[in-house]
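Student: Here it is, the structure, as C-alpha cells.
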Amino acid sequence: MKAVIAAPYTWLVVFFLLPFALVLTIALGTNDPDSAPPVALGFGFENFARLFTDKLYLTAWLSSIRIAAVSTLGCLLLGYPMAYAIARAAPARRPTLLMLVMLPFWTSFLIRVYAWMGLLAENGILNQFLRWSGLSAHPGTILGTEWAVHLGIVYAYLPFMVLPLYVLLEKLDTSLLEAAADLGARPVAAFLTVTLPLSLPGIIAGCLMVFIPAVGEFVIPDLLGGTRTLMIGKVLWDEFFTNADWPLASAVAICLLVLLVGPIALFQRQQAKGLERTR
Amino acid sequence: MTDPIVRIEGVAKRYGAVTAVDGVDLEIARGELFALLGGSGCGKTTLLRAIAGLETPDSGRILIDGQDMTGVPAHKRPVNMMFQSYALFPHMDVAANVGYGLRREGRPKPEVARRVAEALALVKLEALGDRKPSQLSGGQRQRVALARALVKQPKLLLLDEPLAALDRKLREGTRFELVRLQEQLGLTFVVVTHDQEEAMSMATRLAVMNAGRIVQTGTPHELYEHPATRFVADFIGVANIFETAPGRWLALRPEKIALSAERPHTAHTATGKVADVAYEGDRSLYRVATHSHGTMLVSTANVHRTRDGAFRRGDTVWLGWSDTSGQVLDA
C-alpha cells in the first residue's frame, strides 16, 4: 500500500522536482560560452530581470497568451456544437462519432502539422484548389502567418475541448430542457438558461485543457507560423539552441511554469468541484 | 360534454414496433381532477406528454380550450407539467426555479417576486426561497415542482406520477394537499398514476388505460361498482371474477359477500373451508376454498373489539350474495 502511494511521489521527485531544481539553478547562474555546459553557477536574478525589461520577451508572452486565447475560443466555438451533436446523437452512434474525434491521435502529431504545411503553403493544396476552381487567381499564403498558427492549434487541440464537453452534455438530464420548454422557454432561451450554465464546468475544463498547453506550444508556431509569429515556446527554443544561453532559456521556462500555475490550479479546483457535484 | 378543457380525438403514437397510444378519444371537463390510471407501459404518460406538447402524436388531434394544438410547440401551450423526476433546475435556487416561467414571459421583476412568493406560500415553502434543490428533502422538492408548475396559473396542470417519489406517510398527506389546491385554485388537474388507490381517492373522474387504449372512463364509484370489463374489475380494487355462463362473468367484491357458519338465505350461496385469514386491523380478509367457485376472497369489517364470530383456518363456512351484489360482465 505504502509502495503504491510512494510510486507517484518518487516519480514526481525524480522526473519533476529534481529537473526543476536543476533548471532553477541554471536560471540563477550566468551564461559562460567557454565552459561545458555553458553555465557559470551563481545566485543572481539578472536573467529574470531581463525577461521583464527586454521588450522581446514581454511581446512574446503577450502574443503567446493572445494566440492561445483566440485559439481556445476557436476550439470552443467549434467544439461545443460538435460535443452537443454527439451527446444528442442516437446512443448507438456515439462511440463511432467519438472515435472520429479521436482518430487523428492515431497519427503522429508532427506528421499532422507537416500535413498542414502542405495544405497551406504558397503552392499548397488549398491555393492549387483556389486557382484551379477560379475562386481566386492570386490567393495569399496562409502559411507563415498567425492564422496558420490558430488553425494548427484549433485543429490539434479540438479533441481536448470536445471530450470534457461531451462528458458533461451527455449527462445532462433532458427532462430539464422539457421542463424549460413546458414553462415557456423557446429552444434558444432553454439553451441559454439551462444547457449553457449546466455545461459551464465542461467549458472551463475544455478551455483550460486547450489554453494551458497552447501557451507553451512550440511545434505549431515554429512549423506553421514562420518567423513573424512570436511565441514564448519558440523564444525558449531560440535561447537554448540558437543563442546557447542556457540560463536565460531556463528563466523563460520557469516563468512559463509560474504563469501556467494559475490556470492549472483553477482547473484542479474545477475538477474537484465537479467530483463533489456527482457524489 | 359541453365545452371541455381538453378534447382528445383519435390520438395514436407508435415507437417503432411498439404502439404506446392506440387511438384514444377523451374529454376532460373544466375544473376536474382527472386521473389517467394504468400499469407501466399502458401509454398514460405518453398521452400526458402529448397534451403537454412533449410528444407529437402520429395521428389524431388534441384540443385545449377549443384550440387545436397540432403543430403548437410545448413552449406555446397553455399548460404546465409537473414532472415525475420534478426536473428542478439544479443551478437555480428555489425562487429562481419557481419564477422561471414568469421570467420567460418577460414579467417585470416585482411581479415575478410577488407571484413567486405567493406560489411558495401556497405550497408552504416561504422560508426556503434561497435554497438550492440539492439542499431540499424529497417532499420539499415535490412542492417546489408543484409551485413552479402552478405559478403561471395554467388552464391545465399535468402531473406525472406526482406522489410516486414520496414515502408512504408523506404521500397520503400530499394527496389531500393536491386536492385542496386544485379546489382552491379552481384549475383542471390531469394526474397520471399507476396507483389505483391514489387515483380513486383523488380524482373526480378517471380513465383506466390498458395497452394504449382507454378501457373505461367514469367516477371512482362507477369504476369500482360498475366495472365494464374484467380488466377494470381486477385492476381497481379486488374482485372475485368467475364465469356464470359462456362469455359471461360476474365480478364480486370481497366486502359484498356475507360470511356465516350456517347456510344463509341469499339468492346465491357457496360453501368451503377457510384456507387463510389475513387480519388487517379494520377488517379481516378470508381466502375460502369453495367447491363451486374456486378460491374466493371475502372481507369482513371488524366493527367489534372482541374476536367473537371470527373464523379460523380450517373452519367450514358459508358464503352468500344476492343478484345485485356483483357486476355482470361480458368482456
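By convention in this document, the chains of the C-alpha cells carry letters A, B, ... by their order, each chain's residues are numbered from 1, and ligands are numbered from 1 in the order they are shown.
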Using only C-alpha atoms, which protein or nucleic acid residues come within 8 Å of B:Gln142? Drop anything in the same chain fewer than 3 positions from it, and give the result as a ChimeraX atom specification.
Tutor: /B:86,138-139,145-146,162
Student: Using the selection just defined, write its residues with C-alpha atoms as an mmCIF file, in the first residue's frame.
Tutor:
data_model
loop_
_atom_site.group_PDB
_atom_site.id
_atom_site.type_symbol
_atom_site.label_atom_id
_atom_site.label_comp_id
_atom_site.auth_asym_id
_atom_site.auth_seq_id
_atom_site.Cartn_x
_atom_site.Cartn_y
_atom_site.Cartn_z
ATOM 1 C CA TYR B 86 -39.521 17.020 -10.744
ATOM 2 C CA GLY B 138 -37.838 14.823 -1.400
ATOM 3 C CA GLY B 139 -41.118 16.239 -0.141
ATOM 4 C CA ALA B 145 -42.008 21.416 -8.644
ATOM 5 C CA LEU B 146 -45.684 21.959 -7.896
ATOM 6 C CA PRO B 162 -46.810 13.403 -8.574
#
Student: When you get a sec, could you note down which chain B residues fall within 7 Å of chain A, using only C-alpha atoms, as a list in words?
Tutor: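 That gives the following set of residues: Ala74, His75, Lys76, Asn80, Met81, Ala87, Leu88, Phe89, His91, Gly101 and Arg104 of chain B.
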Student: Give me a file of those residues, with C-alpha atoms, as a PDB file, in the first residue's frame.
Tutor:
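Written file, selection.pdb:
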ATOM      1  CA  ALA B  74     -44.621  22.844 -25.890  1.00  0.00           C
ATOM      2  CA  HIS B  75     -43.428  26.354 -25.031  1.00  0.00           C
ATOM      3  CA  LYS B  76     -46.538  27.921 -26.570  1.00  0.00           C
ATOM      4  CA  ASN B  80     -47.806  23.304 -17.364  1.00  0.00           C
ATOM      5  CA  MET B  81     -46.484  19.991 -16.249  1.00  0.00           C
ATOM      6  CA  ALA B  87     -36.858  18.240 -13.244  1.00  0.00           C
ATOM      7  CA  LEU B  88     -35.844  21.135 -10.988  1.00  0.00           C
ATOM      8  CA  PHE B  89     -33.016  23.248 -12.393  1.00  0.00           C
ATOM      9  CA  HIS B  91     -28.165  25.545 -10.768  1.00  0.00           C
ATOM     10  CA  GLY B 101     -41.828  30.513 -16.310  1.00  0.00           C
ATOM     11  CA  ARG B 104     -39.744  33.667 -19.810  1.00  0.00           C
TER      12      ARG B 104
END
Student: From the options A:Met99, A:Ala251, A:Glu122, A:Ala36, which residue's atoms come nearest to A:Arg50, counting only C-alpha atoms?
Tutor: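 Looking at the shortest contact to A:Arg50, the residue is A:Ala251.
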Student: So how many Å separate atom CA of A:Val162 and atom CA of A:Leu208, to one decimal?
Tutor: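 Computing it gives 12.3 Å between the two atoms.
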Student: Counting only C-alpha atoms, which residue out of A:Ile220, A:Ala253, A:Leu196, A:Val13 sits closest to A:Ile153?
Tutor: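 Of all the options, A:Ile220 lies closest to A:Ile153.
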Student: Fewer than 6 positions away in the same chain doesn't count, so skip those; otherwise give me all residues within 10 Å of B:Asp195, counting only C-alpha atoms, as JSON, numbers by chain.
Tutor: {"B": [37, 38, 39, 161, 163, 164, 235, 236]}
Student: How would the residues just chosen look if you wrote them out with N, CA and C atoms as a compact mmCIF listing (two decimals), in the first residue's frame?
Tutor:
# COMPACT_ATOMS: atom_id res chain seq x y z
N LEU B 37 -55.20 6.30 -15.22
CA LEU B 37 -54.72 5.21 -14.38
C LEU B 37 -54.37 4.01 -15.26
N GLY B 38 -53.26 3.39 -14.94
CA GLY B 38 -52.88 2.19 -15.69
C GLY B 38 -51.53 1.68 -15.24
N GLY B 39 -51.21 0.46 -15.63
CA GLY B 39 -49.93 -0.12 -15.28
C GLY B 39 -48.81 0.51 -16.10
N GLU B 161 -47.20 11.19 -12.24
CA GLU B 161 -46.88 10.45 -11.01
C GLU B 161 -46.42 11.41 -9.90
N LEU B 163 -46.87 11.70 -6.82
CA LEU B 163 -46.59 11.24 -5.46
C LEU B 163 -45.66 10.03 -5.42
N ALA B 164 -45.27 9.55 -6.60
CA ALA B 164 -44.55 8.27 -6.66
C ALA B 164 -43.23 8.30 -5.90
N PHE B 235 -58.33 -4.61 -11.99
CA PHE B 235 -57.31 -3.58 -11.77
C PHE B 235 -57.69 -2.65 -10.63
N ILE B 236 -58.96 -2.33 -10.54
CA ILE B 236 -59.42 -1.42 -9.49
C ILE B 236 -59.93 -2.25 -8.33
Student: Taking the DSSP secondary structure from the backbone, can you list the residues of stretch 97-268 of chain A that are helix (DSSP H, G or I), as a PyMOL selection string?
Tutor: chain A and resi 97-106+109-120+125-133+146-171+174-182+187-198+200-215+219-224+232-242+246-268
Student: Enter the distance from atom CA of B:Asn97 to atom CA of B:Ala113, in Å, rounded to one decimal.
Tutor: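 Pair atom CA of B:Asn97 / atom CA of B:Ala113 returns 11.8 Å.
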Student: Applying 8 Å and only C-alpha atoms, which residues near B:Gly212 remain after dropping the ones on its own chain fewer than 2 positions away? List them as a list in words.
Tutor: Thr19, Ala20, Val21, Asp22, Gly23, Val24, Cys42, Gly43, Lys44, Met209, Asn210 and Ile214 of chain B
Student: Using DSSP on the backbone coordinates, identify all residues within stretch 28-276 of chain B classified as strand (DSSP E); present the result as a VMD selection string.
Tutor: chain B and resid 28 33 to 37 59 to 64 67 to 68 79 to 82 156 to 160 188 to 193 205 to 210 213 to 218 240 to 245 248 to 252 258 to 260 268 to 276
Student: Report, in Å with one decimal, the straight-line distance from atom CA of A:Phe45 to atom CA of A:Phe240.
Tutor: 17.9 Å
Student: So that I can check the surroundings of A:Leu97, please list as a list in words every protein, DNA and RNA residue that reaches within 12 Å of it, counting only C-alpha atoms and ignoring chain neighbours fewer than 2 positions away.
Tutor: Met82, Ala83, Tyr84, Ala85, Ile86, Ala87, Arg88, Ala89, Ala90, Pro91, Ala92, Arg93, Arg94, Pro95, Met99, Leu100, Val101, Met102, Leu103, Pro159, Val162, Leu163 and Tyr166 of chain A
Student: Please identify all polymer residues within 9 Å of A:Phe43, counting only C-alpha atoms, omitting same-chain residues fewer than 4 positions from it, and present them as a ChimeraX atom specification.
Tutor: /A:25,27-30
Student: Quick one: residues within 8 Å of stretch 47-49 of chain B, only C-alpha atoms, excluding same-chain residues fewer than 3 positions away - as a PyMOL selection string?
Tutor: chain B and resi 21+43-44+52-55+158+160+190+192
Student: Pick out the closest residue to B:Arg141 from this set: B:Val11, B:Ala331, B:Leu120, B:Ala35. Count only C-alpha atoms.
Tutor: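 Ranked by minimum distance to B:Arg141, first place goes to B:Leu120.
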Student: Restricting the calculation to only C-alpha atoms, which member of A:Ile67, A:Ile26, A:Leu248, A:Val261 is positioned closest to A:Glu46?
Tutor: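 For A:Glu46, the nearest of the given residues is A:Leu248.
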